[in-house]
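As provided, model-v1.txt (compact mmCIF, N, CA and C atoms) reads as follows.
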# COMPACT_ATOMS: atom_id res chain seq x y z
N ASP A 127 -4.11 16.74 21.37
CA ASP A 127 -2.78 17.27 21.62
C ASP A 127 -2.14 17.65 20.28
N LEU A 128 -1.55 18.81 20.22
CA LEU A 128 -1.00 19.35 18.98
C LEU A 128 0.09 18.47 18.41
N HIS A 129 0.97 17.96 19.26
CA HIS A 129 2.06 17.10 18.80
C HIS A 129 1.52 15.86 18.08
N LEU A 130 0.49 15.24 18.66
CA LEU A 130 -0.13 14.08 18.05
C LEU A 130 -0.74 14.44 16.70
N SER A 131 -1.39 15.58 16.63
CA SER A 131 -2.02 16.02 15.40
C SER A 131 -0.99 16.22 14.29
N ILE A 132 0.12 16.84 14.60
CA ILE A 132 1.17 17.07 13.60
C ILE A 132 1.74 15.74 13.13
N ARG A 133 1.99 14.83 14.08
CA ARG A 133 2.53 13.53 13.71
C ARG A 133 1.55 12.78 12.81
N ARG A 134 0.27 12.84 13.13
CA ARG A 134 -0.75 12.17 12.31
C ARG A 134 -0.78 12.76 10.90
N GLN A 135 -0.67 14.09 10.78
CA GLN A 135 -0.66 14.73 9.47
C GLN A 135 0.54 14.28 8.66
N ARG A 136 1.70 14.19 9.31
CA ARG A 136 2.90 13.72 8.59
C ARG A 136 2.71 12.30 8.09
N GLN A 137 2.15 11.44 8.93
CA GLN A 137 1.90 10.06 8.53
C GLN A 137 0.95 10.01 7.35
N MET A 138 -0.07 10.85 7.38
CA MET A 138 -1.03 10.88 6.29
C MET A 138 -0.37 11.36 5.01
N CYS A 139 0.50 12.35 5.10
CA CYS A 139 1.21 12.85 3.91
C CYS A 139 2.09 11.76 3.33
N ILE A 140 2.78 11.03 4.19
CA ILE A 140 3.63 9.95 3.71
C ILE A 140 2.77 8.90 3.03
N ARG A 141 1.66 8.54 3.66
CA ARG A 141 0.78 7.54 3.06
C ARG A 141 0.20 8.04 1.75
N ASP A 142 -0.12 9.32 1.68
CA ASP A 142 -0.70 9.87 0.46
C ASP A 142 0.26 9.73 -0.72
N ARG A 143 1.55 9.72 -0.46
CA ARG A 143 2.54 9.65 -1.54
C ARG A 143 3.16 8.27 -1.68
N THR A 144 2.67 7.31 -0.93
CA THR A 144 3.23 5.97 -0.95
C THR A 144 2.14 4.98 -1.34
N VAL A 145 2.52 3.99 -2.13
CA VAL A 145 1.62 2.89 -2.43
C VAL A 145 1.62 1.98 -1.20
N VAL A 146 0.47 1.83 -0.56
CA VAL A 146 0.37 0.97 0.62
C VAL A 146 -0.68 -0.10 0.33
N VAL A 147 -0.26 -1.36 0.40
CA VAL A 147 -1.18 -2.48 0.22
C VAL A 147 -1.22 -3.28 1.51
N GLN A 148 -2.41 -3.39 2.07
CA GLN A 148 -2.59 -4.16 3.29
C GLN A 148 -3.27 -5.48 2.94
N ILE A 149 -2.80 -6.55 3.58
CA ILE A 149 -3.37 -7.88 3.34
C ILE A 149 -3.91 -8.39 4.68
N ALA A 150 -5.22 -8.62 4.71
CA ALA A 150 -5.86 -9.13 5.92
C ALA A 150 -5.66 -10.64 6.03
N GLU A 151 -5.90 -11.16 7.20
CA GLU A 151 -5.81 -12.60 7.45
C GLU A 151 -6.68 -13.37 6.45
N THR A 152 -7.81 -12.79 6.08
CA THR A 152 -8.76 -13.43 5.17
C THR A 152 -8.33 -13.36 3.71
N GLY A 153 -7.27 -12.58 3.43
CA GLY A 153 -6.84 -12.38 2.05
C GLY A 153 -7.41 -11.11 1.43
N GLN A 154 -8.27 -10.44 2.17
CA GLN A 154 -8.84 -9.18 1.69
C GLN A 154 -7.73 -8.14 1.57
N LEU A 155 -7.78 -7.36 0.49
CA LEU A 155 -6.75 -6.36 0.22
C LEU A 155 -7.30 -4.95 0.36
N LYS A 156 -6.43 -4.06 0.83
CA LYS A 156 -6.73 -2.62 0.81
C LYS A 156 -5.57 -1.93 0.13
N PHE A 157 -5.91 -1.04 -0.79
CA PHE A 157 -4.93 -0.20 -1.46
C PHE A 157 -5.12 1.21 -0.94
N ASN A 158 -4.11 1.72 -0.25
CA ASN A 158 -4.19 3.04 0.38
C ASN A 158 -5.51 3.23 1.13
N GLY A 159 -5.88 2.19 1.88
CA GLY A 159 -7.04 2.27 2.76
C GLY A 159 -8.37 1.89 2.15
N LYS A 160 -8.41 1.60 0.84
CA LYS A 160 -9.67 1.26 0.18
C LYS A 160 -9.62 -0.18 -0.32
N LEU A 161 -10.73 -0.89 -0.14
CA LEU A 161 -10.79 -2.28 -0.58
C LEU A 161 -10.53 -2.40 -2.07
N VAL A 162 -9.80 -3.46 -2.43
CA VAL A 162 -9.50 -3.72 -3.83
C VAL A 162 -9.33 -5.22 -4.02
N ASP A 163 -9.72 -5.72 -5.19
CA ASP A 163 -9.47 -7.13 -5.54
C ASP A 163 -8.09 -7.24 -6.14
N ILE A 164 -7.49 -8.42 -6.01
CA ILE A 164 -6.15 -8.65 -6.57
C ILE A 164 -6.14 -8.38 -8.07
N GLU A 165 -7.27 -8.67 -8.74
CA GLU A 165 -7.36 -8.46 -10.19
C GLU A 165 -7.31 -6.98 -10.57
N ARG A 166 -7.71 -6.10 -9.66
CA ARG A 166 -7.74 -4.66 -9.95
C ARG A 166 -6.55 -3.91 -9.36
N LEU A 167 -5.72 -4.60 -8.59
CA LEU A 167 -4.62 -3.93 -7.89
C LEU A 167 -3.67 -3.22 -8.83
N SER A 168 -3.27 -3.87 -9.89
CA SER A 168 -2.35 -3.27 -10.85
C SER A 168 -2.92 -1.99 -11.46
N ALA A 169 -4.18 -2.03 -11.83
CA ALA A 169 -4.83 -0.84 -12.41
C ALA A 169 -4.91 0.30 -11.40
N ARG A 170 -5.17 -0.04 -10.15
CA ARG A 170 -5.23 1.00 -9.10
C ARG A 170 -3.86 1.63 -8.90
N ILE A 171 -2.82 0.80 -8.91
CA ILE A 171 -1.46 1.32 -8.76
C ILE A 171 -1.12 2.23 -9.94
N GLU A 172 -1.44 1.78 -11.14
CA GLU A 172 -1.16 2.58 -12.33
C GLU A 172 -1.87 3.94 -12.27
N SER A 173 -3.12 3.93 -11.87
CA SER A 173 -3.88 5.17 -11.74
C SER A 173 -3.26 6.08 -10.69
N PHE A 174 -2.89 5.51 -9.55
CA PHE A 174 -2.27 6.28 -8.47
C PHE A 174 -0.97 6.92 -8.95
N LEU A 175 -0.15 6.15 -9.65
CA LEU A 175 1.14 6.66 -10.12
C LEU A 175 0.99 7.74 -11.19
N SER A 176 -0.11 7.72 -11.93
CA SER A 176 -0.33 8.75 -12.94
C SER A 176 -0.61 10.11 -12.30
N GLU A 177 -1.04 10.08 -11.03
CA GLU A 177 -1.38 11.32 -10.33
C GLU A 177 -0.42 11.68 -9.20
N ASN A 178 0.47 10.76 -8.84
CA ASN A 178 1.37 10.97 -7.70
C ASN A 178 2.78 10.52 -8.05
N GLN A 179 3.75 11.30 -7.62
CA GLN A 179 5.14 10.91 -7.81
C GLN A 179 5.59 10.18 -6.56
N THR A 180 5.93 8.92 -6.73
CA THR A 180 6.44 8.14 -5.61
C THR A 180 7.35 7.06 -6.15
N ASN A 181 8.23 6.59 -5.31
CA ASN A 181 9.08 5.46 -5.67
C ASN A 181 8.99 4.38 -4.61
N SER A 182 7.96 4.46 -3.78
CA SER A 182 7.87 3.59 -2.63
C SER A 182 6.54 2.84 -2.58
N ALA A 183 6.64 1.54 -2.34
CA ALA A 183 5.46 0.71 -2.10
C ALA A 183 5.70 -0.08 -0.83
N VAL A 184 4.69 -0.14 0.02
CA VAL A 184 4.78 -0.88 1.27
C VAL A 184 3.68 -1.92 1.29
N VAL A 185 4.06 -3.16 1.56
CA VAL A 185 3.11 -4.25 1.71
C VAL A 185 3.03 -4.57 3.20
N ILE A 186 1.83 -4.47 3.76
CA ILE A 186 1.63 -4.75 5.18
C ILE A 186 0.69 -5.94 5.28
N ALA A 187 1.24 -7.08 5.67
CA ALA A 187 0.46 -8.31 5.73
C ALA A 187 0.16 -8.68 7.18
N ASP A 188 -1.07 -9.09 7.42
CA ASP A 188 -1.43 -9.66 8.70
C ASP A 188 -0.54 -10.89 8.91
N PRO A 189 -0.08 -11.12 10.13
CA PRO A 189 0.77 -12.29 10.38
C PRO A 189 0.14 -13.62 9.94
N ASP A 190 -1.19 -13.67 9.88
CA ASP A 190 -1.87 -14.90 9.48
C ASP A 190 -2.28 -14.91 8.00
N ALA A 191 -1.90 -13.89 7.26
CA ALA A 191 -2.15 -13.88 5.81
C ALA A 191 -1.28 -14.96 5.17
N THR A 192 -1.77 -15.54 4.09
CA THR A 192 -0.99 -16.62 3.45
C THR A 192 0.20 -16.04 2.69
N HIS A 193 1.27 -16.84 2.67
CA HIS A 193 2.44 -16.43 1.90
C HIS A 193 2.09 -16.30 0.42
N GLU A 194 1.19 -17.14 -0.04
CA GLU A 194 0.75 -17.10 -1.43
C GLU A 194 0.17 -15.72 -1.78
N MET A 195 -0.66 -15.18 -0.90
CA MET A 195 -1.27 -13.87 -1.17
C MET A 195 -0.21 -12.78 -1.13
N VAL A 196 0.73 -12.86 -0.21
CA VAL A 196 1.81 -11.86 -0.14
C VAL A 196 2.60 -11.88 -1.45
N VAL A 197 2.93 -13.07 -1.94
CA VAL A 197 3.67 -13.20 -3.20
C VAL A 197 2.85 -12.65 -4.36
N LYS A 198 1.55 -12.93 -4.39
CA LYS A 198 0.69 -12.40 -5.47
C LYS A 198 0.71 -10.87 -5.48
N VAL A 199 0.61 -10.27 -4.30
CA VAL A 199 0.61 -8.81 -4.21
C VAL A 199 1.95 -8.26 -4.70
N ILE A 200 3.04 -8.84 -4.24
CA ILE A 200 4.36 -8.38 -4.67
C ILE A 200 4.51 -8.54 -6.18
N ASP A 201 4.02 -9.65 -6.73
CA ASP A 201 4.07 -9.86 -8.18
C ASP A 201 3.27 -8.81 -8.95
N GLU A 202 2.20 -8.29 -8.35
CA GLU A 202 1.42 -7.23 -9.01
C GLU A 202 2.15 -5.88 -8.98
N ILE A 203 2.98 -5.68 -7.97
CA ILE A 203 3.71 -4.41 -7.83
C ILE A 203 5.00 -4.41 -8.65
N LYS A 204 5.64 -5.56 -8.78
CA LYS A 204 6.95 -5.67 -9.45
C LYS A 204 7.05 -5.01 -10.82
N PRO A 205 6.05 -5.11 -11.69
CA PRO A 205 6.18 -4.50 -13.01
C PRO A 205 6.38 -2.98 -13.00
N PHE A 206 6.05 -2.34 -11.88
CA PHE A 206 6.23 -0.89 -11.77
C PHE A 206 7.66 -0.64 -11.29
N ASP A 207 8.56 -0.58 -12.28
CA ASP A 207 10.01 -0.53 -12.00
C ASP A 207 10.43 0.61 -11.09
N GLN A 208 9.68 1.70 -11.10
CA GLN A 208 10.07 2.84 -10.28
C GLN A 208 9.82 2.62 -8.79
N LEU A 209 9.04 1.59 -8.46
CA LEU A 209 8.69 1.35 -7.06
C LEU A 209 9.67 0.41 -6.37
N THR A 210 10.11 0.83 -5.21
CA THR A 210 10.88 -0.02 -4.31
C THR A 210 9.88 -0.61 -3.33
N ILE A 211 9.88 -1.94 -3.23
CA ILE A 211 8.89 -2.61 -2.39
C ILE A 211 9.48 -2.89 -1.02
N SER A 212 8.76 -2.49 0.01
CA SER A 212 9.15 -2.76 1.39
C SER A 212 8.04 -3.55 2.06
N ILE A 213 8.43 -4.30 3.09
CA ILE A 213 7.45 -5.03 3.90
C ILE A 213 7.32 -4.28 5.22
N GLY A 214 6.09 -3.93 5.57
CA GLY A 214 5.85 -3.17 6.80
C GLY A 214 5.05 -3.99 7.79
N LYS A 215 4.89 -3.42 8.97
CA LYS A 215 4.09 -4.06 10.03
C LYS A 215 2.77 -3.35 10.20
Before anything else, please render the file you have as structure tokens.
Amino acid sequence: DLHLSIRRQRQMCIRDRTVVVQIAETGQLKFNGKLVDIERLSARIESFLSENQTNSAVVIADPDATHEMVVKVIDEIKPFDQLTISIGK
């Protein structure tokens, strides 16, 4: 359906310009859909920002992810002053 296709393209465009970090129940991380270790997250964000203009970061945590991991991810994003951090579902 054309309407669905347009909506999906818009979502992809938004995601393409937004830092999105997903946290699985297991603690596994994805940065914009690709697996990443917590140790490499900052470097991935820095690389992304060098090629994309954005001021938005979204952290999407599984309800069973540990609070500790959520805090670690937020702490990795915080040094990038231009980013506003949001929590998504």
| task | Find the residue from A:Leu175, A:Val162, A:Ala150, A:Ile186 that sits nearest to Gly214 in chain A; use only C-alpha atoms when measuring. | result |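 Of A:Leu175, A:Val162, A:Ala150, A:Ile186, the one nearest Gly214 in chain A is A:Ile186, counting only C-alpha atoms.
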| query | Separation of CA of Gln154 in chain A and CA of Glu194 in chain A, in Å? | reply |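 About the pair CA of Gln154 in chain A and CA of Glu194 in chain A: they are 12.8 Å apart.
If you look at atom N of Asp207 in chain A and atom C of Glu151 in chain A, they are 27.3 Å away from each other.
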| request: Report the residues of chain A whose backbone DSSP state falls under strand (DSSP E or B), written as a list in words. | output: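 So, restricting chain A to strand (DSSP E or B), we get Val145, Val146, Val147, Gln148, Ile149, Leu155, Lys156, Phe157, Lys160, Leu161, Val162, Ser182, Ala183, Val184, Val185, Ile186, Ala187, Thr210, Ile211, Ser212, Ile213 and Gly214 of chain A.
The space separating CA of Val147 in chain A from CA of Asn178 in chain A comes to 15.8 Å.
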| field | DSSP alpha helix (DSSP H) selection over chain A, as a PyMOL selection string | value | chain A and resi 128-142+164-177+193-203
For N, CA and C atoms, I'd like the residues from the last selection saved as a short mmCIF file (atom, residue, chain, number, x, y, z; two decimals), in the coordinates of the input.
data_model
loop_
_atom_site.label_atom_id
_atom_site.label_comp_id
_atom_site.auth_asym_id
_atom_site.auth_seq_id
_atom_site.Cartn_x
_atom_site.Cartn_y
_atom_site.Cartn_z
N LEU A 128 -1.55 18.81 20.22
CA LEU A 128 -1.00 19.35 18.98
C LEU A 128 0.09 18.47 18.41
N HIS A 129 0.97 17.96 19.26
CA HIS A 129 2.06 17.10 18.80
C HIS A 129 1.52 15.86 18.08
N LEU A 130 0.49 15.24 18.66
CA LEU A 130 -0.13 14.08 18.05
C LEU A 130 -0.74 14.44 16.70
N SER A 131 -1.39 15.58 16.63
CA SER A 131 -2.02 16.02 15.40
C SER A 131 -0.99 16.22 14.29
N ILE A 132 0.12 16.84 14.60
CA ILE A 132 1.17 17.07 13.60
C ILE A 132 1.74 15.74 13.13
N ARG A 133 1.99 14.83 14.08
CA ARG A 133 2.53 13.53 13.71
C ARG A 133 1.55 12.78 12.81
N ARG A 134 0.27 12.84 13.13
CA ARG A 134 -0.75 12.17 12.31
C ARG A 134 -0.78 12.76 10.90
N GLN A 135 -0.67 14.09 10.78
CA GLN A 135 -0.66 14.73 9.47
C GLN A 135 0.54 14.28 8.66
N ARG A 136 1.70 14.19 9.31
CA ARG A 136 2.90 13.72 8.59
C ARG A 136 2.71 12.30 8.09
N GLN A 137 2.15 11.44 8.93
CA GLN A 137 1.90 10.06 8.53
C GLN A 137 0.95 10.01 7.35
N MET A 138 -0.07 10.85 7.38
CA MET A 138 -1.03 10.88 6.29
C MET A 138 -0.37 11.36 5.01
N CYS A 139 0.50 12.35 5.10
CA CYS A 139 1.21 12.85 3.91
C CYS A 139 2.09 11.76 3.33
N ILE A 140 2.78 11.03 4.19
CA ILE A 140 3.63 9.95 3.71
C ILE A 140 2.77 8.90 3.03
N ARG A 141 1.66 8.54 3.66
CA ARG A 141 0.78 7.54 3.06
C ARG A 141 0.20 8.04 1.75
N ASP A 142 -0.12 9.32 1.68
CA ASP A 142 -0.70 9.87 0.46
C ASP A 142 0.26 9.73 -0.72
N ILE A 164 -7.49 -8.42 -6.01
CA ILE A 164 -6.15 -8.65 -6.57
C ILE A 164 -6.14 -8.38 -8.07
N GLU A 165 -7.27 -8.67 -8.74
CA GLU A 165 -7.36 -8.46 -10.19
C GLU A 165 -7.31 -6.98 -10.57
N ARG A 166 -7.71 -6.10 -9.66
CA ARG A 166 -7.74 -4.66 -9.95
C ARG A 166 -6.55 -3.91 -9.36
N LEU A 167 -5.72 -4.60 -8.59
CA LEU A 167 -4.62 -3.93 -7.89
C LEU A 167 -3.67 -3.22 -8.83
N SER A 168 -3.27 -3.87 -9.89
CA SER A 168 -2.35 -3.27 -10.85
C SER A 168 -2.92 -1.99 -11.46
N ALA A 169 -4.18 -2.03 -11.83
CA ALA A 169 -4.83 -0.84 -12.41
C ALA A 169 -4.91 0.30 -11.40
N ARG A 170 -5.17 -0.04 -10.15
CA ARG A 170 -5.23 1.00 -9.10
C ARG A 170 -3.86 1.63 -8.90
N ILE A 171 -2.82 0.80 -8.91
CA ILE A 171 -1.46 1.32 -8.76
C ILE A 171 -1.12 2.23 -9.94
N GLU A 172 -1.44 1.78 -11.14
CA GLU A 172 -1.16 2.58 -12.33
C GLU A 172 -1.87 3.94 -12.27
N SER A 173 -3.12 3.93 -11.87
CA SER A 173 -3.88 5.17 -11.74
C SER A 173 -3.26 6.08 -10.69
N PHE A 174 -2.89 5.51 -9.55
CA PHE A 174 -2.27 6.28 -8.47
C PHE A 174 -0.97 6.92 -8.95
N LEU A 175 -0.15 6.15 -9.65
CA LEU A 175 1.14 6.66 -10.12
C LEU A 175 0.99 7.74 -11.19
N SER A 176 -0.11 7.72 -11.93
CA SER A 176 -0.33 8.75 -12.94
C SER A 176 -0.61 10.11 -12.30
N GLU A 177 -1.04 10.08 -11.03
CA GLU A 177 -1.38 11.32 -10.33
C GLU A 177 -0.42 11.68 -9.20
N HIS A 193 1.27 -16.84 2.67
CA HIS A 193 2.44 -16.43 1.90
C HIS A 193 2.09 -16.30 0.42
N GLU A 194 1.19 -17.14 -0.04
CA GLU A 194 0.75 -17.10 -1.43
C GLU A 194 0.17 -15.72 -1.78
N MET A 195 -0.66 -15.18 -0.90
CA MET A 195 -1.27 -13.87 -1.17
C MET A 195 -0.21 -12.78 -1.13
N VAL A 196 0.73 -12.86 -0.21
CA VAL A 196 1.81 -11.86 -0.14
C VAL A 196 2.60 -11.88 -1.45
N VAL A 197 2.93 -13.07 -1.94
CA VAL A 197 3.67 -13.20 -3.20
C VAL A 197 2.85 -12.65 -4.36
N LYS A 198 1.55 -12.93 -4.39
CA LYS A 198 0.69 -12.40 -5.47
C LYS A 198 0.71 -10.87 -5.48
N VAL A 199 0.61 -10.27 -4.30
CA VAL A 199 0.61 -8.81 -4.21
C VAL A 199 1.95 -8.26 -4.70
N ILE A 200 3.04 -8.84 -4.24
CA ILE A 200 4.36 -8.38 -4.67
C ILE A 200 4.51 -8.54 -6.18
N ASP A 201 4.02 -9.65 -6.73
CA ASP A 201 4.07 -9.86 -8.18
C ASP A 201 3.27 -8.81 -8.95
N GLU A 202 2.20 -8.29 -8.35
CA GLU A 202 1.42 -7.23 -9.01
C GLU A 202 2.15 -5.88 -8.98
N ILE A 203 2.98 -5.68 -7.97
CA ILE A 203 3.71 -4.41 -7.83
C ILE A 203 5.00 -4.41 -8.65
#
| task | Go ahead and find all residues with at least one atom no further than 8 Å from (7.9, -0.9, -5.2) in the file's coordinates, using only C-alpha atoms; report them as a ChimeraX atom specification. | result | /A:145,181-184,203-204,206-212
Tell me which protein, DNA and RNA residues are within 6.5 Å of Gln148 in chain A, counting all atoms listed in the file, leaving out same-chain ones fewer than 3 positions away, and put them as a PDB file with N, CA and C atoms, keeping the file's coordinate frame.
ATOM      1  N   GLN A 154      -8.270 -10.440   2.170  1.00  0.00           N
ATOM      2  CA  GLN A 154      -8.840  -9.180   1.690  1.00  0.00           C
ATOM      3  C   GLN A 154      -7.730  -8.140   1.570  1.00  0.00           C
ATOM      4  N   LEU A 155      -7.780  -7.360   0.490  1.00  0.00           N
ATOM      5  CA  LEU A 155      -6.750  -6.360   0.220  1.00  0.00           C
ATOM      6  C   LEU A 155      -7.300  -4.950   0.360  1.00  0.00           C
ATOM      7  N   LYS A 156      -6.430  -4.060   0.830  1.00  0.00           N
ATOM      8  CA  LYS A 156      -6.730  -2.620   0.810  1.00  0.00           C
ATOM      9  C   LYS A 156      -5.570  -1.930   0.130  1.00  0.00           C
ATOM     10  N   PHE A 157      -5.910  -1.040  -0.790  1.00  0.00           N
ATOM     11  CA  PHE A 157      -4.930  -0.200  -1.460  1.00  0.00           C
ATOM     12  C   PHE A 157      -5.120   1.210  -0.940  1.00  0.00           C
ATOM     13  N   ASN A 158      -4.110   1.720  -0.250  1.00  0.00           N
ATOM     14  CA  ASN A 158      -4.190   3.040   0.380  1.00  0.00           C
ATOM     15  C   ASN A 158      -5.510   3.230   1.130  1.00  0.00           C
ATOM     16  N   VAL A 184       4.690  -0.140   0.020  1.00  0.00           N
ATOM     17  CA  VAL A 184       4.780  -0.880   1.270  1.00  0.00           C
ATOM     18  C   VAL A 184       3.680  -1.920   1.290  1.00  0.00           C
ATOM     19  N   VAL A 185       4.060  -3.160   1.560  1.00  0.00           N
ATOM     20  CA  VAL A 185       3.110  -4.250   1.710  1.00  0.00           C
ATOM     21  C   VAL A 185       3.030  -4.570   3.200  1.00  0.00           C
ATOM     22  N   ILE A 186       1.830  -4.470   3.760  1.00  0.00           N
ATOM     23  CA  ILE A 186       1.630  -4.750   5.180  1.00  0.00           C
ATOM     24  C   ILE A 186       0.690  -5.940   5.280  1.00  0.00           C
ATOM     25  N   ALA A 187       1.240  -7.080   5.670  1.00  0.00           N
ATOM     26  CA  ALA A 187       0.460  -8.310   5.730  1.00  0.00           C
ATOM     27  C   ALA A 187       0.160  -8.680   7.180  1.00  0.00           C
ATOM     28  N   ASP A 188      -1.070  -9.090   7.420  1.00  0.00           N
ATOM     29  CA  ASP A 188      -1.430  -9.660   8.700  1.00  0.00           C
ATOM     30  C   ASP A 188      -0.540 -10.890   8.910  1.00  0.00           C
TER      31      ASP A 188
END
| said: So, with all atoms listed in the file as the atoms that count, which of A:Ser173, A:Gln179, A:Glu202, A:Lys160 lies closest to Thr144 in chain A? | reply: A:Gln179
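Among A:Glu177, A:Lys198, A:Thr152, A:Arg143, the residue with the shortest atom-to-atom distance to Ile164 in chain A, counting only N, CA and C atoms, is A:Lys198.
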All heavy atoms for range 174-182 of chain A, written as a short mmCIF file (atom, residue, chain, number, x, y, z; two decimals), in the coordinates of the input, could you do that?
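What ended up in part_25.cif:
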data_model
loop_
_atom_site.label_atom_id
_atom_site.label_comp_id
_atom_site.auth_asym_id
_atom_site.auth_seq_id
_atom_site.Cartn_x
_atom_site.Cartn_y
_atom_site.Cartn_z
N PHE A 174 -2.89 5.51 -9.55
CA PHE A 174 -2.27 6.28 -8.47
C PHE A 174 -0.97 6.92 -8.95
O PHE A 174 -0.72 8.10 -8.71
CB PHE A 174 -2.01 5.37 -7.27
CG PHE A 174 -1.36 6.07 -6.12
CD1 PHE A 174 -2.11 6.80 -5.21
CD2 PHE A 174 0.01 5.99 -5.92
CE1 PHE A 174 -1.52 7.44 -4.14
CE2 PHE A 174 0.62 6.63 -4.85
CZ PHE A 174 -0.14 7.35 -3.95
N LEU A 175 -0.15 6.15 -9.65
CA LEU A 175 1.14 6.66 -10.12
C LEU A 175 0.99 7.74 -11.19
O LEU A 175 1.86 8.59 -11.32
CB LEU A 175 2.02 5.52 -10.63
CG LEU A 175 2.48 4.52 -9.57
CD1 LEU A 175 3.26 3.39 -10.22
CD2 LEU A 175 3.32 5.21 -8.50
N SER A 176 -0.11 7.72 -11.93
CA SER A 176 -0.33 8.75 -12.94
C SER A 176 -0.61 10.11 -12.30
O SER A 176 -0.42 11.15 -12.92
CB SER A 176 -1.46 8.36 -13.88
OG SER A 176 -2.71 8.47 -13.22
N GLU A 177 -1.04 10.08 -11.03
CA GLU A 177 -1.38 11.32 -10.33
C GLU A 177 -0.42 11.68 -9.20
O GLU A 177 -0.52 12.76 -8.63
CB GLU A 177 -2.79 11.21 -9.76
CG GLU A 177 -3.85 11.01 -10.83
CD GLU A 177 -5.22 10.73 -10.24
OE1 GLU A 177 -5.39 10.80 -9.02
OE2 GLU A 177 -6.12 10.41 -11.03
N ASN A 178 0.47 10.76 -8.84
CA ASN A 178 1.37 10.97 -7.70
C ASN A 178 2.78 10.52 -8.05
O ASN A 178 2.96 9.49 -8.69
CB ASN A 178 0.90 10.15 -6.49
CG ASN A 178 -0.48 10.53 -6.04
OD1 ASN A 178 -0.65 11.48 -5.30
ND2 ASN A 178 -1.47 9.79 -6.50
N GLN A 179 3.75 11.30 -7.62
CA GLN A 179 5.14 10.91 -7.81
C GLN A 179 5.59 10.18 -6.56
O GLN A 179 5.59 10.74 -5.46
CB GLN A 179 6.02 12.13 -8.03
CG GLN A 179 5.85 12.75 -9.40
CD GLN A 179 6.92 13.78 -9.65
OE1 GLN A 179 7.33 14.50 -8.76
NE2 GLN A 179 7.37 13.85 -10.88
N THR A 180 5.93 8.92 -6.73
CA THR A 180 6.44 8.14 -5.61
C THR A 180 7.35 7.06 -6.15
O THR A 180 7.26 6.66 -7.31
CB THR A 180 5.31 7.52 -4.77
OG1 THR A 180 5.89 6.91 -3.61
CG2 THR A 180 4.53 6.47 -5.54
N ASN A 181 8.23 6.59 -5.31
CA ASN A 181 9.08 5.46 -5.67
C ASN A 181 8.99 4.38 -4.61
O ASN A 181 9.81 3.49 -4.55
CB ASN A 181 10.53 5.91 -5.88
CG ASN A 181 11.13 6.50 -4.61
OD1 ASN A 181 10.46 6.63 -3.59
ND2 ASN A 181 12.38 6.86 -4.68
N SER A 182 7.96 4.46 -3.78
CA SER A 182 7.87 3.59 -2.63
C SER A 182 6.54 2.84 -2.58
O SER A 182 5.47 3.43 -2.73
CB SER A 182 8.03 4.42 -1.35
OG SER A 182 7.97 3.61 -0.22
#
